Number of protein chains: 6
Amino acid sequence: MDTQDKAWLLDNLRIFGGLSHPELAEEIASHLQVPLCKHTNSRFRNDNMYVQLLESVRGKDVVIIQSFSPPNVSDNIIELLMMMNAAASASARSIHAVIPYFSYARSDKKDEPRISIAGRLMADLIATAGATHVMTMTLHSPQVHGFFSVPTDHLTSRPAFVQHFRKQDLSNTVVVSPDIGHAKRATSLARDLGVGVAAGDKTRVSDTEVVLNTIIGDIAGRDVIVFDDEIATGGSTIAMVEALRQQGVRRITLACTHGVFSGNAIASLGARDDIAEIVTTNTVPVPEAKRLPNMTVLSVGSIFGQAIHCNLMGRSVGPLFAYWHEK
Amino acid sequence: MDTQDKAWLLDNLRIFGGLSHPELAEEIASHLQVPLCKHTNSRFRNDNMYVQLLESVRGKDVVIIQSFSPPNVSDNIIELLMMMNAAASASARSIHAVIPYFSYARSDKKDEPRISIAGRLMADLIATAGATHVMTMTLHSPQVHGFFSVPTDHLTSRPAFVQHFRKQDLSNTVVVSPDIGHAKRATSLARDLGVGVAAGDKTRVSDTEVVLNTIIGDIAGRDVIVFDDEIATGGSTIAMVEALRQQGVRRITLACTHGVFSGNAIASLGARDDIAEIVTTNTVPVPEAKRLPNMTVLSVGSIFGQAIHCNLMGRSVGPLFAYWHEK
Amino acid sequence: MDTQDKAWLLDNLRIFGGLSHPELAEEIASHLQVPLCKHTNSRFRNDNMYVQLLESVRGKDVVIIQSFSPPNVSDNIIELLMMMNAAASASARSIHAVIPYFSYARSDKKDEPRISIAGRLMADLIATAGATHVMTMTLHSPQVHGFFSVPTDHLTSRPAFVQHFRKQDLSNTVVVSPDIGHAKRATSLARDLGVGVAAGDKTRVSDTEVVLNTIIGDIAGRDVIVFDDEIATGGSTIAMVEALRQQGVRRITLACTHGVFSGNAIASLGARDDIAEIVTTNTVPVPEAKRLPNMTVLSVGSIFGQAIHCNLMGRSVGPLFAYWHEK
Amino acid sequence: MDTQDKAWLLDNLRIFGGLSHPELAEEIASHLQVPLCKHTNSRFRNDNMYVQLLESVRGKDVVIIQSFSPPNVSDNIIELLMMMNAAASASARSIHAVIPYFSYARSDKKDEPRISIAGRLMADLIATAGATHVMTMTLHSPQVHGFFSVPTDHLTSRPAFVQHFRKQDLSNTVVVSPDIGHAKRATSLARDLGVGVAAGDKTRVSDTEVVLNTIIGDIAGRDVIVFDDEIATGGSTIAMVEALRQQGVRRITLACTHGVFSGNAIASLGARDDIAEIVTTNTVPVPEAKRLPNMTVLSVGSIFGQAIHCNLMGRSVGPLFAYWHEK
Amino acid sequence: MDTQDKAWLLDNLRIFGGLSHPELAEEIASHLQVPLCKHTNSRFRNDNMYVQLLESVRGKDVVIIQSFSPPNVSDNIIELLMMMNAAASASARSIHAVIPYFSYARSDKKDEPRISIAGRLMADLIATAGATHVMTMTLHSPQVHGFFSVPTDHLTSRPAFVQHFRKQDLSNTVVVSPDIGHAKRATSLARDLGVGVAAGDKTRVSDTEVVLNTIIGDIAGRDVIVFDDEIATGGSTIAMVEALRQQGVRRITLACTHGVFSGNAIASLGARDDIAEIVTTNTVPVPEAKRLPNMTVLSVGSIFGQAIHCNLMGRSVGPLFAYWHEK
Amino acid sequence: MDTQDKAWLLDNLRIFGGLSHPELAEEIASHLQVPLCKHTNSRFRNDNMYVQLLESVRGKDVVIIQSFSPPNVSDNIIELLMMMNAAASASARSIHAVIPYFSYARSDKKDEPRISIAGRLMADLIATAGATHVMTMTLHSPQVHGFFSVPTDHLTSRPAFVQHFRKQDLSNTVVVSPDIGHAKRATSLARDLGVGVAAGDKTRVSDTEVVLNTIIGDIAGRDVIVFDDEIATGGSTIAMVEALRQQGVRRITLACTHGVFSGNAIASLGARDDIAEIVTTNTVPVPEAKRLPNMTVLSVGSIFGQAIHCNLMGRSVGPLFAYWHEK
């Protein structure tokens, strides 16, 4: 970063991190070469949250980093709303909600009567609380972008994966999408890596159960990278690993943007010895206890850092957008 | 309809049809046993539209039917907005925009920089002009439902198709989805008909070209119903027909909700002698000139009629919703 | 309730209870002689909430009961917002948020820089999610009423206390307000009971500590009812009891609208043998484990029931309002 | 323009032209010494519009030029809305809609029941789509200014006419308003030119017909400039010319701001040999085919250019406003 | 009014009158056969207004009558806003602002830089305070109708004048518009009375002065009715009377909708013996002291009464609208 | 003020004063070393206000000073709304409403049915008219801060009092709050002055009458400063003076932020010879006629001046806030 930009950011940017993910907030601040601002979050005796920003924000561009990651997603949401509201009421010039993992993107349609399209609701609450701009990464479906009423940047984590895998021998590699119905992201990664693509064909057999019928594409003897947007309990991932094994693949790598790893995901994944590597990012915090020996956690800190930098200084962030090669 | 409902609707409902699709408006009014209200639409000498509702709407529930169908989609949109605005300004109690074909649903994500997510924009314009409720059918992606700020009913045309195909011998039939990535609607129809399902596997080879790689599922010697949400120029449909033919299917039926049939679609489809039947609905008007001898146009008039009836009288419309069996 | 009202409510009212307080929801429904409607609340594997209303609400007046009570206040808020949003999107005619304990009313001013006036924020979120009307009880300060953008009824629990205490011998009784700065509620109760009033005089000695200097009024040898809006950890309540004891009161009764009893409140209060009775209401749920032998929990179910009844049928709810005698 | 301004505009201004009037957009950009930015406008096969801005607008002041001129006024409106929406969603700092001819200004009152005051509706749609500021010229009635919710500059084309006519011999000239009921604009022009004024006296004899009774003022033997806001089909203009001829005027010049020239206007006007000159502006594009030998088309490019320049740099645009001398 | 309507209105309508015009409020209530509801309006010692509605409005249709008439227009506006806000907050079902004289309609354009188009501002304030519907009469310019964001009925007083003048001998009568630029209303009255029309031709000679040049039309020896929307100080009216006198008219009648009669209007008009009759309405209160012997004050009570009646019961009010014959 | 700030303010700030308090506006402008901008305020003959800003505000930060002080509070409010609306419509960059005395803060709760919480209503009107920021001082209750939808700075006048009293001998002084229920402000002043505190204990004996029971704290022989937010008619102040006298205080000083002095306040206060000093500020104008010989009027001009300065230049105004030591 050149000196002029650095001075401008120091003068104008105030960056805060909610309780969900202090490490990522620290990384982003560090990328931007500004100190991470502090805030108080305590609880009243009736469980109400109390939030205070500890740095003046009057006339400043305020960035707040908060992942909608478990545990306590509701607390994370309320904290973000209160921090933004506090900044607005203290006369911030602009308020940028940085939500690396916008979990409610999965509630994106009304496939049952009388449910909430909660992705839209959350987007509306964020606007009500004072956000003037949103940044997020790898939404479950790209249409969720249209739920936001304020300008929103939908970033991709793919550059981090490309950079990581390019260091490996890819001569025998194929990228596999777990679900042919959502194969766009895998295809884009494959293209960037210059390798082929394959996909699982799933069928939903009941309201709660999905079975993997087959894997389309030539994978026997190949090194595969299974690429998904999110691994939660890991159930369907394990099923995919088994199917790949049966079809005689050589080396299995699992890759996902949002490493939620809830329930007994870590136990199940750790119990297998046929997964060469698990690659994820830190959009969701991955505590030490969850870091399996074969796990690599890529940082998205610099992607968000660059996006914030460009944004505040009025430069194009196009190259960082999810759509860049995903068409 | 019982006598009490009929009297209530006569007293409270005022139903208008925009210029896009007078036939469907007439059908819906007829289903509801109320007269279709008239309106004036003329042009000033500077091409501005002039719209006047010719029936008092004060304190009434106003329904306006308008399809966003070609030609002149922009005119259709502006006319709907002006009609709703006229109704609002004339003290209508509620304003229901019935949009059988919401074409801008296809602009549902930002896959290029600096484009408009026009589906969201249109939804916002509709609310600005005074709609208090929207009814639509078979949106390109179900997430578009979340773009609307007013309560919206997303209906399905499937009941009309089920009723139609149940009259045929289905003992050898398979429903085929043209794209395994959007196979939900085909799967639902197959389930309702009690038959199997297959799907095409497409690959986008460039920004403008998609090729059909293969068809997954056992279709040789079967009667197939290709089921899609929309047929426009028919290019990919013809490609699918050819692929099916090569795989030795017995009888080919094409079915789609929105029969746009633009460009030389009718010429191409009419030139083939291996398409047993083309089944579509009248969400988009299908003029006589486009009605090929092997084409069946199912009416969605009674589906919308029932939905309006239930809505105005405060009864559940659940059974008419798109999600009913599409999970 | 007369037959006509009963039939009207059965036809038009759909009442739901959030997870915070099912018992109160049941009581209110029972008062209104309608069944309590069911809803689903489950969690996705990423901790996101999933909410579905299990009764059609199209064209109906929907009432949702949710207390902002611990534990998990944030979850209770998000659940209420999602339930209202689901009702709005399913075309409810009106949506009434019944919040017996609106805990964030305590965040009602900006006594530090860069904090959120969270009571206002919550009121705004409630409107965004679709509430058309709010009902609440005994807000910490009456000004919080002005934070709401939708019509709001601020009810009082005092009738329940009056009814309770009138059954006792009040010939020697004085009502004591713990803080002369908020003595209005105690004065109103005293007036309704036809007894005298006294008040504690507190001084804030530091940001976190308040000391009770003295008790103003003649209380020696009297039976006292200490009346507050809320007991949380009970610390200041115990201090008040000790001060009263020193001044030679005869019988001590503690009374509060919102019995939060957090931290070791129950242990502290249960350890004393000089508290004749603790009277609270069920605006906050009081589980069996917290019900000390000397505790009486009055139900506010019929107060809310009456208020809902009057509201929906367009009758005055004046007599139920907090301001009725509190001037 | 001084160097500092020029550099500032190059850095901050991004100016686009809709399809209605690329020439004027080019002129305005040229006045401002910045390149005109490009955008894509194509049609999907279902007639939906697709719009993409081809220049980054993040943090920039975006100006979009679009005239609501025939043909295809609806398309022009939708294109403007989509371009503004695209700019807003791409984080433009401000969005200025420049609408040289806001045709719907003529729908400015409710002179029939159940019509839309479409001028107000269009103003609301423009705000919904993201405009932060509007610039327009010579609205049919000055009250239409009050329809806009965002700050709006109502400019006058009069300076261009003054500059043009001052080059002529005005010693024998009178400005004539076609309708004494809207004589303000003619009076202002006359004052600026230092000449006298006269006016036609019209009577509406039926809903569709207006007759010119007489011309008030001394015009025999004079050179007259008939000055109106708009010439559309030219019918009433021809009637005025005939009346003037009968009253023995010497030389007839027609002048109007918005040269719509629809229907057979050009044929009728071209067929007469007693019109010395027709002077109009390019708020509406005047293609070569319509440019009669005696027609002069004045450019409003520099007026809009100056207004944009002043606006973006926070300088008064007062001298460019319609009201300047029109009182 | 039939019995059923009467019972319905008694049950559902609550009608209040602001301090500006209690007589008209009483008349309107009387027409509707409902009691006029009472409210308190007092002042705090710091000049703040205190307003309380003294009738429950929960679930009712509330009508508030307030004229923006002098003296103390600002107080009248604030009182109306507070009364509407009180009704909204007390859960009224609908709030109808009846503003017989909307004086700020005269601030309808921006003919000087940096002024407020106050007509639009007032319309926005009225919506903010809770109006769901507005009724007004004879706006200075019909475009002001488009300033309102809520449905608005623009009524005409003409029926009252027609009824009045039809009782007179009209065989020799001509209606005169004081200004040919606003001759529409006079023309409509003339048509309804079956008589001819004439008009004054004014010229603005400076920013503050207007002179009457001549009167167009044949008026010598005729009985004239000068018809205007408003008489304020009466200066230009007196000038018109003198001009008419010079042209040898027989009998002069002055008629106007809004009889403001400010300044020394009454003294000037009363001093002349050549004005046969002054006819006005009670949109603005005309106190006894202003009622000259030759003055007739027509009541608009029944026009507003009918409009409210039709509105609340969902019937067309078309025949009462200003546009009815004014085209 | 340094040269750079001064130049920036000259370039960017345009400060106007409404009619309520031109002296304070002049003081504030003077503190900021910028000229006070002029505006026109005249009345039309129908009592409507006409407002014009006489300085270009395009792209500027506009500050408007208006106190809601008697007489004619309604006029002061309407003038402020019109000035802000004029600034917004003239493309001001930001609009700061500076309201030193926001009188409607006293209407802050609903202690009677069907009243308006007028403090909230006024806050909403201010936002509707275009304010982007509000500055005010010593609101009657701190919760009123939460009524505003735009960022609001709630300043304290205490620094002016501290500066004033520190010049006096405070060795024997006690600060007295007239009402122990609102003792916070007195406590803060006492702390800043390093002296003790006492408080009156009032009881409301009827809806209109309050009696002072006693004064809590040791005051005999002391010099007392009675500190309140507002003195209006002075009735309760006189009662307090008498009570103090009875308890044998030595020297009595009255101090209040808002010196409304309405009714016969000045006569009553002037008639007493036992009030050593009356100290107030100029949030409300104190004309010469009201300035008793023992009265000191402190200027809040520099407090507002500093706050505006900090605000516009994006610096913290924390030290000027009401909450600074009032907890």
# chains A, B, ... in the order shown; residues from 1 in each chain; ligands from 1

$ interface_residues --of "chain D" --to "chain A" --cutoff "10 Å" --atoms "only C-alpha atoms" --output "list of chain:residue names"
D:Asn12, D:Glu55, D:Ser56, D:Val57, D:Arg58, D:Gly59, D:Lys60, D:Asn85, D:Ala86, D:Ala87, D:Ala88, D:Ser89, D:Ala90, D:Ser91, D:Ala92, D:Arg93

$ select_by_dssp --residues "stretch 26-231 of chain D" --states "strand (DSSP E)" --output "ChimeraX atom specification"
/D:39-43,49-53,61-65,94-99,133-137,152-155,173-177,196-204,210-216,223-231

$ atom_distance --atom1 "atom CA of D:Phe261" --atom2 "atom CA of D:Leu125"
27.1 Å

$ select_by_dssp --residues "stretch 96-300 of chain F" --states "alpha helix (DSSP H)" --output "ChimeraX atom specification"
/F:118-128,158-165,184-193,235-246,265-271

$ closest_residue --among "C:Phe227, C:Phe102, C:Phe16, C:Tyr50" --to "C:Val284" --atoms "only C-alpha atoms"
C:Phe102

$ closest_residue --among "D:Asp2, D:Glu242, D:Glu79, D:Glu230" --to "D:Asp274" --atoms "only C-alpha atoms"
D:Glu242
